[in-house]
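Q: Supplied structure: target13.pdb, PDB, C-alpha atoms, pLDDT in the B column.
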ATOM      1  CA  MET A   1      -2.229 -20.974 -31.184  1.00 74.00           C
ATOM      2  CA  LEU A   2       1.106 -20.537 -32.947  1.00 81.00           C
ATOM      3  CA  ALA A   3      -0.183 -17.413 -34.678  1.00 84.00           C
ATOM      4  CA  ARG A   4      -1.025 -15.886 -31.308  1.00 86.00           C
ATOM      5  CA  LEU A   5       2.406 -16.731 -29.921  1.00 88.00           C
ATOM      6  CA  ARG A   6       4.019 -15.096 -32.935  1.00 88.00           C
ATOM      7  CA  SER A   7       1.796 -12.060 -32.409  1.00 88.00           C
ATOM      8  CA  ASP A   8       2.905 -11.840 -28.769  1.00 86.00           C
ATOM      9  CA  ILE A   9       6.541 -11.809 -29.848  1.00 91.00           C
ATOM     10  CA  GLN A  10       6.079  -9.435 -32.778  1.00 89.00           C
ATOM     11  CA  CYS A  11       4.307  -6.776 -30.704  1.00 89.00           C
ATOM     12  CA  ILE A  12       7.400  -6.611 -28.467  1.00 90.00           C
ATOM     13  CA  LEU A  13       9.740  -6.342 -31.436  1.00 90.00           C
ATOM     14  CA  ASP A  14       7.559  -3.528 -32.807  1.00 88.00           C
ATOM     15  CA  ARG A  15       7.413  -1.490 -29.583  1.00 88.00           C
ATOM     16  CA  ASP A  16      10.767  -2.055 -27.891  1.00 86.00           C
ATOM     17  CA  PRO A  17      13.851  -0.847 -29.794  1.00 87.00           C
ATOM     18  CA  ALA A  18      16.021  -2.781 -27.314  1.00 88.00           C
ATOM     19  CA  ALA A  19      14.619  -6.093 -28.572  1.00 88.00           C
ATOM     20  CA  ARG A  20      17.174  -7.469 -31.032  1.00 90.00           C
ATOM     21  CA  SER A  21      15.851 -10.918 -31.912  1.00 91.00           C
ATOM     22  CA  THR A  22      12.984 -13.345 -31.459  1.00 92.00           C
ATOM     23  CA  TRP A  23      15.160 -15.616 -29.328  1.00 93.00           C
ATOM     24  CA  GLU A  24      16.048 -12.729 -27.008  1.00 93.00           C
ATOM     25  CA  VAL A  25      12.369 -11.843 -26.604  1.00 92.00           C
ATOM     26  CA  ILE A  26      11.384 -15.455 -25.848  1.00 92.00           C
ATOM     27  CA  THR A  27      14.119 -15.987 -23.275  1.00 92.00           C
ATOM     28  CA  CYS A  28      14.637 -12.578 -21.649  1.00 91.00           C
ATOM     29  CA  TYR A  29      11.291 -10.759 -21.489  1.00 92.00           C
ATOM     30  CA  PRO A  30       9.381 -11.387 -18.233  1.00 92.00           C
ATOM     31  CA  GLY A  31       6.346  -9.543 -19.579  1.00 92.00           C
ATOM     32  CA  LEU A  32       5.995 -12.193 -22.271  1.00 93.00           C
ATOM     33  CA  HIS A  33       6.466 -14.993 -19.726  1.00 94.00           C
ATOM     34  CA  ALA A  34       3.757 -13.435 -17.541  1.00 94.00           C
ATOM     35  CA  ILE A  35       1.317 -13.392 -20.469  1.00 94.00           C
ATOM     36  CA  TRP A  36       2.045 -16.999 -21.368  1.00 94.00           C
ATOM     37  CA  LEU A  37       1.679 -18.187 -17.768  1.00 95.00           C
ATOM     38  CA  HIS A  38      -1.532 -16.210 -17.322  1.00 94.00           C
ATOM     39  CA  ARG A  39      -3.331 -18.096 -20.083  1.00 94.00           C
ATOM     40  CA  PRO A  40      -3.322 -21.539 -18.395  1.00 95.00           C
ATOM     41  CA  ALA A  41      -4.064 -19.861 -15.063  1.00 95.00           C
ATOM     42  CA  HIS A  42      -7.051 -18.067 -16.624  1.00 95.00           C
ATOM     43  CA  TRP A  43      -8.262 -21.327 -18.198  1.00 95.00           C
ATOM     44  CA  CYS A  44      -8.070 -23.123 -14.856  1.00 95.00           C
ATOM     45  CA  TRP A  45      -9.886 -20.303 -13.072  1.00 93.00           C
ATOM     46  CA  HIS A  46     -12.833 -20.376 -15.464  1.00 92.00           C
ATOM     47  CA  HIS A  47     -13.099 -24.171 -15.480  1.00 93.00           C
ATOM     48  CA  GLY A  48     -13.555 -24.551 -11.752  1.00 90.00           C
ATOM     49  CA  LEU A  49      -9.887 -25.202 -10.964  1.00 94.00           C
ATOM     50  CA  LYS A  50      -9.439 -22.216  -8.682  1.00 93.00           C
ATOM     51  CA  TRP A  51      -6.450 -23.420  -6.676  1.00 95.00           C
ATOM     52  CA  PRO A  52      -4.349 -24.491  -9.707  1.00 94.00           C
ATOM     53  CA  GLY A  53      -5.160 -21.149 -11.321  1.00 94.00           C
ATOM     54  CA  ARG A  54      -4.015 -19.236  -8.248  1.00 94.00           C
ATOM     55  CA  PHE A  55      -0.902 -21.391  -7.901  1.00 96.00           C
ATOM     56  CA  ILE A  56       0.149 -20.768 -11.516  1.00 95.00           C
ATOM     57  CA  SER A  57      -0.471 -17.050 -10.942  1.00 94.00           C
ATOM     58  CA  HIS A  58       1.597 -17.178  -7.758  1.00 95.00           C
ATOM     59  CA  PHE A  59       4.443 -18.952  -9.574  1.00 95.00           C
ATOM     60  CA  ALA A  60       4.287 -16.354 -12.369  1.00 94.00           C
ATOM     61  CA  ARG A  61       4.526 -13.584  -9.751  1.00 94.00           C
ATOM     62  CA  TRP A  62       7.631 -15.200  -8.250  1.00 94.00           C
ATOM     63  CA  PHE A  63       9.179 -15.910 -11.659  1.00 93.00           C
ATOM     64  CA  THR A  64       8.447 -12.578 -13.381  1.00 93.00           C
ATOM     65  CA  GLY A  65       7.657  -9.995 -10.678  1.00 92.00           C
ATOM     66  CA  ILE A  66       4.290  -9.399 -12.355  1.00 94.00           C
ATOM     67  CA  GLU A  67       1.115 -10.307 -10.459  1.00 94.00           C
ATOM     68  CA  ILE A  68      -1.911 -11.004 -12.642  1.00 95.00           C
ATOM     69  CA  HIS A  69      -4.981 -12.496 -11.027  1.00 95.00           C
ATOM     70  CA  PRO A  70      -6.121 -15.578 -12.979  1.00 94.00           C
ATOM     71  CA  GLY A  71      -9.589 -14.054 -13.305  1.00 93.00           C
ATOM     72  CA  ALA A  72      -8.324 -11.018 -15.231  1.00 93.00           C
ATOM     73  CA  LYS A  73      -8.986 -10.827 -18.974  1.00 93.00           C
ATOM     74  CA  ILE A  74      -6.098  -9.923 -21.269  1.00 94.00           C
ATOM     75  CA  GLY A  75      -6.464  -9.310 -24.994  1.00 91.00           C
ATOM     76  CA  GLU A  76      -4.037  -9.877 -27.829  1.00 91.00           C
ATOM     77  CA  ARG A  77      -0.738  -8.033 -28.452  1.00 91.00           C
ATOM     78  CA  VAL A  78      -0.556  -6.794 -24.850  1.00 92.00           C
ATOM     79  CA  PHE A  79       2.985  -5.796 -23.842  1.00 92.00           C
ATOM     80  CA  PHE A  80       4.144  -5.615 -20.227  1.00 93.00           C
ATOM     81  CA  ASP A  81       7.336  -3.574 -20.706  1.00 90.00           C
ATOM     82  CA  HIS A  82       9.843  -4.100 -17.854  1.00 88.00           C
ATOM     83  CA  ALA A  83       6.719  -4.402 -15.673  1.00 87.00           C
ATOM     84  CA  MET A  84       8.325  -5.321 -12.351  1.00 92.00           C
ATOM     85  CA  GLY A  85       5.768  -4.710  -9.626  1.00 92.00           C
ATOM     86  CA  VAL A  86       2.699  -4.650 -11.874  1.00 93.00           C
ATOM     87  CA  VAL A  87      -0.537  -5.781 -10.183  1.00 94.00           C
ATOM     88  CA  VAL A  88      -3.659  -6.660 -12.199  1.00 94.00           C
ATOM     89  CA  GLY A  89      -6.826  -7.349 -10.220  1.00 92.00           C
ATOM     90  CA  GLU A  90      -9.400 -10.107 -10.612  1.00 91.00           C
ATOM     91  CA  THR A  91     -12.041  -8.223 -12.614  1.00 92.00           C
ATOM     92  CA  ALA A  92      -9.610  -6.123 -14.656  1.00 93.00           C
ATOM     93  CA  GLU A  93      -9.832  -6.288 -18.439  1.00 94.00           C
ATOM     94  CA  ILE A  94      -6.987  -5.270 -20.745  1.00 94.00           C
ATOM     95  CA  GLY A  95      -7.835  -4.656 -24.392  1.00 92.00           C
ATOM     96  CA  ASP A  96      -5.866  -5.554 -27.498  1.00 92.00           C
ATOM     97  CA  GLY A  97      -2.627  -3.704 -28.123  1.00 91.00           C
ATOM     98  CA  CYS A  98      -2.243  -2.183 -24.647  1.00 93.00           C
ATOM     99  CA  THR A  99       1.182  -1.365 -23.196  1.00 92.00           C
ATOM    100  CA  ILE A 100       1.750  -1.421 -19.440  1.00 93.00           C
ATOM    101  CA  TYR A 101       4.979  -0.317 -17.755  1.00 93.00           C
ATOM    102  CA  GLN A 102       6.578  -1.084 -14.395  1.00 91.00           C
ATOM    103  CA  GLY A 103       4.875  -0.364 -11.102  1.00 92.00           C
ATOM    104  CA  VAL A 104       1.356  -0.108 -12.532  1.00 94.00           C
ATOM    105  CA  THR A 105      -1.650  -1.149 -10.457  1.00 94.00           C
ATOM    106  CA  LEU A 106      -5.022  -1.970 -11.986  1.00 94.00           C
ATOM    107  CA  GLY A 107      -6.777  -2.117  -8.648  1.00 91.00           C
ATOM    108  CA  GLY A 108     -10.151  -1.845  -7.010  1.00 88.00           C
ATOM    109  CA  THR A 109     -11.717   0.312  -4.329  1.00 82.00           C
ATOM    110  CA  SER A 110     -14.681  -1.934  -3.525  1.00 77.00           C
ATOM    111  CA  LEU A 111     -14.790  -4.916  -1.180  1.00 77.00           C
ATOM    112  CA  TYR A 112     -17.959  -6.467  -2.681  1.00 79.00           C
ATOM    113  CA  LYS A 113     -17.349  -9.966  -4.019  1.00 79.00           C
ATOM    114  CA  GLY A 114     -18.651 -10.582  -7.512  1.00 76.00           C
ATOM    115  CA  ALA A 115     -18.775  -6.877  -8.357  1.00 82.00           C
ATOM    116  CA  LYS A 116     -16.806  -5.199 -11.121  1.00 89.00           C
ATOM    117  CA  ARG A 117     -14.055  -3.766  -8.906  1.00 90.00           C
ATOM    118  CA  HIS A 118     -11.185  -3.234 -11.347  1.00 93.00           C
ATOM    119  CA  PRO A 119     -10.784  -1.098 -14.473  1.00 93.00           C
ATOM    120  CA  THR A 120     -11.380  -2.017 -18.098  1.00 93.00           C
ATOM    121  CA  LEU A 121      -8.753  -0.785 -20.562  1.00 94.00           C
ATOM    122  CA  GLY A 122      -9.805  -0.291 -24.171  1.00 92.00           C
ATOM    123  CA  ARG A 123      -7.660  -0.978 -27.204  1.00 92.00           C
ATOM    124  CA  ASP A 124      -4.146   0.499 -27.544  1.00 91.00           C
ATOM    125  CA  VAL A 125      -4.109   2.093 -24.078  1.00 93.00           C
ATOM    126  CA  VAL A 126      -0.707   3.060 -22.627  1.00 93.00           C
ATOM    127  CA  VAL A 127      -0.355   2.983 -18.841  1.00 93.00           C
ATOM    128  CA  SER A 128       2.947   4.568 -17.845  1.00 91.00           C
ATOM    129  CA  ALA A 129       5.288   3.658 -15.011  1.00 91.00           C
ATOM    130  CA  GLY A 130       3.914   3.885 -11.488  1.00 91.00           C
ATOM    131  CA  ALA A 131       0.352   4.742 -12.503  1.00 93.00           C
ATOM    132  CA  LYS A 132      -2.553   3.544 -10.366  1.00 94.00           C
ATOM    133  CA  VAL A 133      -5.912   2.963 -12.071  1.00 94.00           C
ATOM    134  CA  LEU A 134      -8.402   2.264  -9.294  1.00 93.00           C
ATOM    135  CA  GLY A 135     -12.052   1.362  -9.749  1.00 90.00           C
ATOM    136  CA  GLY A 136     -14.483  -0.472 -11.987  1.00 89.00           C
ATOM    137  CA  PHE A 137     -14.632   2.138 -14.768  1.00 91.00           C
ATOM    138  CA  GLU A 138     -13.470   2.229 -18.379  1.00 92.00           C
ATOM    139  CA  VAL A 139     -10.381   3.769 -19.951  1.00 93.00           C
ATOM    140  CA  GLY A 140     -11.227   4.494 -23.577  1.00 91.00           C
ATOM    141  CA  ASP A 141      -9.451   3.275 -26.690  1.00 91.00           C
ATOM    142  CA  GLY A 142      -6.119   4.959 -27.373  1.00 90.00           C
ATOM    143  CA  ALA A 143      -6.022   6.726 -24.000  1.00 91.00           C
ATOM    144  CA  LYS A 144      -2.747   7.467 -22.191  1.00 92.00           C
ATOM    145  CA  ILE A 145      -2.155   7.329 -18.425  1.00 92.00           C
ATOM    146  CA  GLY A 146       0.838   9.424 -17.354  1.00 90.00           C
ATOM    147  CA  SER A 147       3.562   8.207 -15.036  1.00 89.00           C
ATOM    148  CA  ASN A 148       2.540   8.060 -11.350  1.00 91.00           C
ATOM    149  CA  ALA A 149      -0.979   9.276 -12.145  1.00 91.00           C
ATOM    150  CA  VAL A 150      -3.770   8.131  -9.826  1.00 93.00           C
ATOM    151  CA  VAL A 151      -6.858   7.594 -11.957  1.00 93.00           C
ATOM    152  CA  ILE A 152     -10.146   7.233 -10.088  1.00 91.00           C
ATOM    153  CA  LYS A 153     -12.663   8.129 -12.807  1.00 91.00           C
ATOM    154  CA  PRO A 154     -13.274   7.154 -16.454  1.00 92.00           C
ATOM    155  CA  VAL A 155     -10.869   8.376 -19.134  1.00 91.00           C
ATOM    156  CA  PRO A 156     -12.389   9.209 -22.550  1.00 90.00           C
ATOM    157  CA  ALA A 157     -11.049   7.580 -25.688  1.00 89.00           C
ATOM    158  CA  GLY A 158      -7.895   9.257 -26.961  1.00 87.00           C
ATOM    159  CA  ALA A 159      -7.453  11.424 -23.858  1.00 89.00           C
ATOM    160  CA  THR A 160      -4.429  11.637 -21.554  1.00 89.00           C
ATOM    161  CA  ALA A 161      -4.715  11.458 -17.753  1.00 90.00           C
ATOM    162  CA  VAL A 162      -1.986  13.037 -15.609  1.00 88.00           C
ATOM    163  CA  GLY A 163      -1.526  14.020 -11.970  1.00 86.00           C
ATOM    164  CA  ILE A 164      -2.818  13.056  -8.518  1.00 86.00           C
ATOM    165  CA  PRO A 165      -5.747  12.730  -8.708  1.00 87.00           C
ATOM    166  CA  ALA A 166      -5.590  12.459 -12.477  1.00 86.00           C
ATOM    167  CA  ARG A 167      -6.745  15.375 -14.626  1.00 85.00           C
ATOM    168  CA  ILE A 168      -7.851  14.778 -18.181  1.00 85.00           C
ATOM    169  CA  ILE A 169      -6.237  16.314 -21.263  1.00 82.00           C
ATOM    170  CA  PRO A 170      -8.949  15.781 -23.905  1.00 75.00           C
ATOM    171  CA  SER A 171      -8.204  14.514 -27.381  1.00 67.00           C
ATOM    172  CA  LYS A 172      -8.289  16.845 -30.371  1.00 62.00           C
ATOM    173  CA  GLU A 173     -10.457  16.071 -33.375  1.00 57.00           C
ATOM    174  CA  GLY A 174     -10.931  12.494 -32.306  1.00 50.00           C
ATOM    175  CA  GLN A 175      -7.214  11.768 -32.073  1.00 51.00           C
ATOM    176  CA  SER A 176      -5.105  10.881 -29.101  1.00 49.00           C
ATOM    177  CA  ALA A 177      -3.905  13.878 -27.117  1.00 48.00           C
ATOM    178  CA  ASP A 178      -0.291  12.969 -27.705  1.00 47.00           C
ATOM    179  CA  VAL A 179      -0.454  12.659 -31.499  1.00 39.00           C
ATOM    180  CA  THR A 180       2.026  15.170 -32.888  1.00 37.00           C
ATOM    181  CA  GLU A 181       2.201  13.892 -36.443  1.00 41.00           C
ATOM    182  CA  PRO A 182      -1.266  13.966 -38.105  1.00 42.00           C
ATOM    183  CA  GLN A 183       0.013  11.879 -41.003  1.00 40.00           C
ATOM    184  CA  GLN A 184       0.860   9.066 -38.558  1.00 49.00           C
ATOM    185  CA  PRO A 185      -2.026   8.944 -36.064  1.00 50.00           C
ATOM    186  CA  ARG A 186      -1.261   5.328 -35.122  1.00 53.00           C
ATOM    187  CA  LYS A 187       2.375   5.937 -34.176  1.00 58.00           C
ATOM    188  CA  PHE A 188       3.260   4.324 -30.856  1.00 57.00           C
ATOM    189  CA  THR A 189       4.701   6.601 -28.170  1.00 60.00           C
ATOM    190  CA  ALA A 190       6.617   4.930 -25.363  1.00 59.00           C
ATOM    191  CA  TYR A 191       5.467   5.739 -21.811  1.00 56.00           C
ATOM    192  CA  GLY A 192       2.490   7.654 -23.244  1.00 55.00           C
ATOM    193  CA  ILE A 193       4.546  10.828 -23.616  1.00 57.00           C
ATOM    194  CA  THR A 194       2.376  13.783 -24.633  1.00 57.00           C
ATOM    195  CA  GLN A 195       3.402  17.118 -26.079  1.00 53.00           C
ATOM    196  CA  GLU A 196       0.371  18.754 -24.505  1.00 56.00           C
ATOM    197  CA  ASP A 197       0.765  20.703 -21.260  1.00 57.00           C
ATOM    198  CA  ASP A 198      -0.496  19.441 -17.955  1.00 60.00           C
ATOM    199  CA  PRO A 199      -3.951  21.015 -17.416  1.00 65.00           C
ATOM    200  CA  LEU A 200      -2.721  22.456 -14.112  1.00 67.00           C
ATOM    201  CA  SER A 201       0.215  24.167 -15.840  1.00 68.00           C
ATOM    202  CA  GLN A 202      -2.200  25.567 -18.424  1.00 69.00           C
ATOM    203  CA  ALA A 203      -4.364  26.964 -15.643  1.00 72.00           C
ATOM    204  CA  MET A 204      -1.348  28.447 -13.861  1.00 75.00           C
ATOM    205  CA  ARG A 205      -0.157  30.041 -17.097  1.00 75.00           C
ATOM    206  CA  GLY A 206      -3.629  31.535 -17.528  1.00 75.00           C
ATOM    207  CA  LEU A 207      -3.466  32.990 -14.008  1.00 78.00           C
ATOM    208  CA  ILE A 208      -0.018  34.461 -14.673  1.00 76.00           C
ATOM    209  CA  ASP A 209      -1.185  36.059 -17.909  1.00 78.00           C
ATOM    210  CA  ASN A 210      -4.270  37.432 -16.184  1.00 78.00           C
ATOM    211  CA  ALA A 211      -2.243  38.861 -13.287  1.00 78.00           C
ATOM    212  CA  SER A 212       0.074  40.565 -15.775  1.00 74.00           C
ATOM    213  CA  SER A 213      -2.912  41.985 -17.624  1.00 79.00           C
ATOM    214  CA  GLN A 214      -4.426  43.271 -14.387  1.00 80.00           C
ATOM    215  CA  GLU A 215      -1.148  44.988 -13.495  1.00 78.00           C
ATOM    216  CA  HIS A 216      -1.240  46.732 -16.859  1.00 78.00           C
ATOM    217  CA  GLN A 217      -4.877  47.749 -16.447  1.00 80.00           C
ATOM    218  CA  ILE A 218      -4.206  49.188 -12.971  1.00 81.00           C
ATOM    219  CA  ALA A 219      -1.405  51.289 -14.442  1.00 77.00           C
ATOM    220  CA  LEU A 220      -3.813  52.538 -17.125  1.00 77.00           C
ATOM    221  CA  LEU A 221      -6.367  53.450 -14.459  1.00 79.00           C
ATOM    222  CA  TRP A 222      -3.797  55.540 -12.626  1.00 72.00           C
ATOM    223  CA  GLN A 223      -2.904  57.255 -15.886  1.00 76.00           C
ATOM    224  CA  ALA A 224      -6.567  58.050 -16.447  1.00 73.00           C
ATOM    225  CA  ILE A 225      -6.934  59.405 -12.909  1.00 72.00           C
ATOM    226  CA  GLU A 226      -3.844  61.540 -13.430  1.00 67.00           C
ATOM    227  CA  LYS A 227      -5.328  63.022 -16.605  1.00 71.00           C
ATOM    228  CA  LEU A 228      -8.623  63.678 -14.835  1.00 71.00           C
ATOM    229  CA  SER A 229      -6.857  65.476 -12.039  1.00 64.00           C
ATOM    230  CA  GLU A 230      -5.128  67.744 -14.575  1.00 65.00           C
ATOM    231  CA  CYS A 231      -8.158  68.767 -16.563  1.00 58.00           C
ATOM    232  CA  VAL A 232     -11.541  67.110 -16.790  1.00 57.00           C
ATOM    233  CA  LYS A 233     -12.696  69.273 -19.721  1.00 54.00           C
ATOM    234  CA  LYS A 234     -10.093  68.145 -22.241  1.00 58.00           C
ATOM    235  CA  GLY A 235     -12.206  65.244 -23.494  1.00 57.00           C
ATOM    236  CA  ASP A 236     -12.008  61.501 -23.111  1.00 60.00           C
ATOM    237  CA  CYS A 237      -9.158  60.589 -20.793  1.00 59.00           C
ATOM    238  CA  VAL A 238      -9.552  56.784 -20.932  1.00 61.00           C
ATOM    239  CA  PRO A 239      -6.480  55.136 -22.572  1.00 63.00           C
ATOM    240  CA  ASP A 240      -7.170  53.357 -25.854  1.00 63.00           C
ATOM    241  CA  ASP A 241      -5.996  49.943 -24.596  1.00 64.00           C
ATOM    242  CA  ALA A 242      -7.947  50.028 -21.329  1.00 62.00           C
ATOM    243  CA  ALA A 243     -10.081  46.909 -20.819  1.00 61.00           C
ATOM    244  CA  LEU A 244     -13.604  48.166 -20.148  1.00 57.00           C
ATOM    245  CA  LYS A 245     -15.094  44.660 -19.831  1.00 61.00           C
ATOM    246  CA  GLU A 246     -14.218  41.775 -17.532  1.00 60.00           C
ATOM    247  CA  GLN A 247     -12.093  39.160 -19.311  1.00 62.00           C
ATOM    248  CA  PHE A 248     -11.058  36.761 -16.540  1.00 61.00           C
ATOM    249  CA  GLU A 249     -12.022  33.207 -17.627  1.00 65.00           C
ATOM    250  CA  ALA A 250     -12.567  31.641 -14.221  1.00 63.00           C
ATOM    251  CA  GLY A 251     -14.745  28.812 -15.549  1.00 66.00           C
ATOM    252  CA  LYS A 252     -12.201  27.732 -18.140  1.00 66.00           C
ATOM    253  CA  LEU A 253      -9.354  27.726 -15.617  1.00 65.00           C
ATOM    254  CA  SER A 254     -11.468  25.747 -13.139  1.00 65.00           C
ATOM    255  CA  ASP A 255     -12.171  23.115 -15.791  1.00 65.00           C
ATOM    256  CA  LEU A 256      -8.439  22.765 -16.502  1.00 63.00           C
ATOM    257  CA  VAL A 257      -7.548  22.336 -12.846  1.00 61.00           C
ATOM    258  CA  GLY A 258     -10.437  19.940 -12.215  1.00 60.00           C
ATOM    259  CA  LYS A 259     -12.190  19.127  -8.971  1.00 52.00           C
TER     260      LYS A 259
END
Produce structure tokens that represent the structure in this file.
A:
Amino acid sequence: MLARLRSDIQCILDRDPAARSTWEVITCYPGLHAIWLHRPAHWCWHHGLKWPGRFISHFARWFTGIEIHPGAKIGERVFFDHAMGVVVGETAEIGDGCTIYQGVTLGGTSLYKGAKRHPTLGRDVVVSAGAKVLGGFEVGDGAKIGSNAVVIKPVPAGATAVGIPARIIPSKEGQSADVTEPQQPRKFTAYGITQEDDPLSQAMRGLIDNASSQEHQIALLWQAIEKLSECVKKGDCVPDDAALKEQFEAGKLSDLVGK
């Protein structure tokens, strides 16, 4: 029990540079208070004491600004950073080492009682400020959810989800998409910041490059026509850098943009 409490405190000291001491974390971090209040609420809920569980959860919501249903499952070393306005649904599961920022909703889209309505977060997932993860699917280990993203489908392990609805930036070589230092693959990145481009911006850049290339090819065609009009018998009039085969990667750009 004491070891778990120490682990709760240490994970905050490790991930928040603003945390200066153990006493400050214990007394001034509502995310920690929400975790500690959730545990007796969860115990009550699963031992037939539904009303006491809900009342403790309600008190925790008033005291911390974080609403966690007593039925939700929360692993070890979970850090609710700032976390005002966070909502965690009844069948949600949060894996070990996850970090959740303010305004996050782990919600459901189904009204069926007893069904798995809320998401399951794997280990070391980062859900950034304002993100909404809606549905009974899984978010893989080490995944990142960008700020204000609306995630309505599974996220593979190590991938980053951004946008509305969320588009997936896949991981590279089994690592998280936001790992920029291969020698430190486990380095924590606050708010799930990624150095990769948004898939939509990648697609737009591809369209811009293609439009520029087409402009160049049209100019080459006019040059070829001009040469033909001067003298057809002088030999090959096709410019050396003319693209004779179609190169537009429509499928690749569609995959980046998503459905």
Q: Which residue is closest to Gly130 in chain A? Choose from A:Arg4, A:His82, A:His118, A:Lys153 and count all atoms listed in the file.
A: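 Once distances to Gly130 in chain A are computed over all atoms listed in the file, the minimum belongs to A:His82.
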Q: Would you kindly translate the PyMOL selection byres ((chain A and resi 88) around 9) into the concrete residues it picks from this file, as a PyMOL selection string?
A: chain A and resi 66-69+72+86-87+89-93+104-107+118
Q: Would you kindly return, as a PyMOL selection string, each protein, DNA or RNA residue with an atom no farther than 10 Å from any atom of Ala83 in chain A, considering only C-alpha atoms and excluding same-chain residues fewer than 5 positions away?
A: chain A and resi 29-31+34+64-67+99-104+128-130
Q: Any idea what the distance is between CA of Cys98 in chain A and CA of Gly114 in chain A?
A: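 Taking CA of Cys98 in chain A as the start and CA of Gly114 in chain A as the end point, the length is 25.2 Å.
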Q: With distances taken over all atoms listed in the file, which of A:Gly97, A:Gly135, A:Gly48, A:Pro40 is nearest to Asp14 in chain A?
A: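 Ranked by minimum distance to Asp14 in chain A, first place goes to A:Gly97.
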Q: One decimal, Å: what's the distance from CA of Gly163 in chain A over to CA of Ala211 in chain A, could you say?
A: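 About the pair CA of Gly163 in chain A and CA of Ala211 in chain A: they are 24.9 Å apart.
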Q: Please rebuild range 22-34 of chain A with N, CA, C and O atoms and return the result as a PDB file, in the coordinates of the input.
A:
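Result file follows (result_37.pdb):
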ATOM      1  N   THR A  22      14.081 -12.544 -31.999  1.00 92.00           N
ATOM      2  CA  THR A  22      12.984 -13.345 -31.459  1.00 92.00           C
ATOM      3  C   THR A  22      13.458 -14.193 -30.283  1.00 92.00           C
ATOM      4  O   THR A  22      12.767 -14.300 -29.264  1.00 92.00           O
ATOM      5  N   TRP A  23      14.646 -14.783 -30.410  1.00 93.00           N
ATOM      6  CA  TRP A  23      15.160 -15.616 -29.328  1.00 93.00           C
ATOM      7  C   TRP A  23      15.365 -14.804 -28.052  1.00 93.00           C
ATOM      8  O   TRP A  23      15.066 -15.274 -26.962  1.00 93.00           O
ATOM      9  N   GLU A  24      15.860 -13.584 -28.187  1.00 93.00           N
ATOM     10  CA  GLU A  24      16.048 -12.729 -27.008  1.00 93.00           C
ATOM     11  C   GLU A  24      14.715 -12.413 -26.352  1.00 93.00           C
ATOM     12  O   GLU A  24      14.604 -12.418 -25.112  1.00 93.00           O
ATOM     13  N   VAL A  25      13.696 -12.139 -27.151  1.00 92.00           N
ATOM     14  CA  VAL A  25      12.369 -11.843 -26.604  1.00 92.00           C
ATOM     15  C   VAL A  25      11.814 -13.052 -25.863  1.00 92.00           C
ATOM     16  O   VAL A  25      11.285 -12.935 -24.744  1.00 92.00           O
ATOM     17  N   ILE A  26      11.932 -14.243 -26.461  1.00 92.00           N
ATOM     18  CA  ILE A  26      11.384 -15.455 -25.848  1.00 92.00           C
ATOM     19  C   ILE A  26      12.065 -15.775 -24.525  1.00 92.00           C
ATOM     20  O   ILE A  26      11.421 -16.181 -23.552  1.00 92.00           O
ATOM     21  N   THR A  27      13.356 -15.550 -24.449  1.00 92.00           N
ATOM     22  CA  THR A  27      14.119 -15.987 -23.275  1.00 92.00           C
ATOM     23  C   THR A  27      14.321 -14.913 -22.215  1.00 92.00           C
ATOM     24  O   THR A  27      14.573 -15.252 -21.042  1.00 92.00           O
ATOM     25  N   CYS A  28      14.220 -13.643 -22.569  1.00 91.00           N
ATOM     26  CA  CYS A  28      14.637 -12.578 -21.649  1.00 91.00           C
ATOM     27  C   CYS A  28      13.558 -11.534 -21.342  1.00 91.00           C
ATOM     28  O   CYS A  28      13.885 -10.507 -20.738  1.00 91.00           O
ATOM     29  N   TYR A  29      12.322 -11.762 -21.717  1.00 92.00           N
ATOM     30  CA  TYR A  29      11.291 -10.759 -21.489  1.00 92.00           C
ATOM     31  C   TYR A  29      10.245 -11.289 -20.507  1.00 92.00           C
ATOM     32  O   TYR A  29       9.367 -12.073 -20.880  1.00 92.00           O
ATOM     33  N   PRO A  30      10.325 -10.880 -19.235  1.00 92.00           N
ATOM     34  CA  PRO A  30       9.381 -11.387 -18.233  1.00 92.00           C
ATOM     35  C   PRO A  30       7.934 -11.025 -18.533  1.00 92.00           C
ATOM     36  O   PRO A  30       7.013 -11.753 -18.137  1.00 92.00           O
ATOM     37  N   GLY A  31       7.718  -9.900 -19.221  1.00 92.00           N
ATOM     38  CA  GLY A  31       6.346  -9.543 -19.579  1.00 92.00           C
ATOM     39  C   GLY A  31       5.711 -10.585 -20.480  1.00 92.00           C
ATOM     40  O   GLY A  31       4.518 -10.899 -20.342  1.00 92.00           O
ATOM     41  N   LEU A  32       6.492 -11.134 -21.398  1.00 93.00           N
ATOM     42  CA  LEU A  32       5.995 -12.193 -22.271  1.00 93.00           C
ATOM     43  C   LEU A  32       5.734 -13.467 -21.480  1.00 93.00           C
ATOM     44  O   LEU A  32       4.709 -14.142 -21.667  1.00 93.00           O
ATOM     45  N   HIS A  33       6.647 -13.797 -20.559  1.00 94.00           N
ATOM     46  CA  HIS A  33       6.466 -14.993 -19.726  1.00 94.00           C
ATOM     47  C   HIS A  33       5.202 -14.860 -18.882  1.00 94.00           C
ATOM     48  O   HIS A  33       4.466 -15.839 -18.690  1.00 94.00           O
ATOM     49  N   ALA A  34       4.946 -13.648 -18.372  1.00 94.00           N
ATOM     50  CA  ALA A  34       3.757 -13.435 -17.541  1.00 94.00           C
ATOM     51  C   ALA A  34       2.479 -13.659 -18.347  1.00 94.00           C
ATOM     52  O   ALA A  34       1.515 -14.249 -17.849  1.00 94.00           O
TER      53      ALA A  34
END
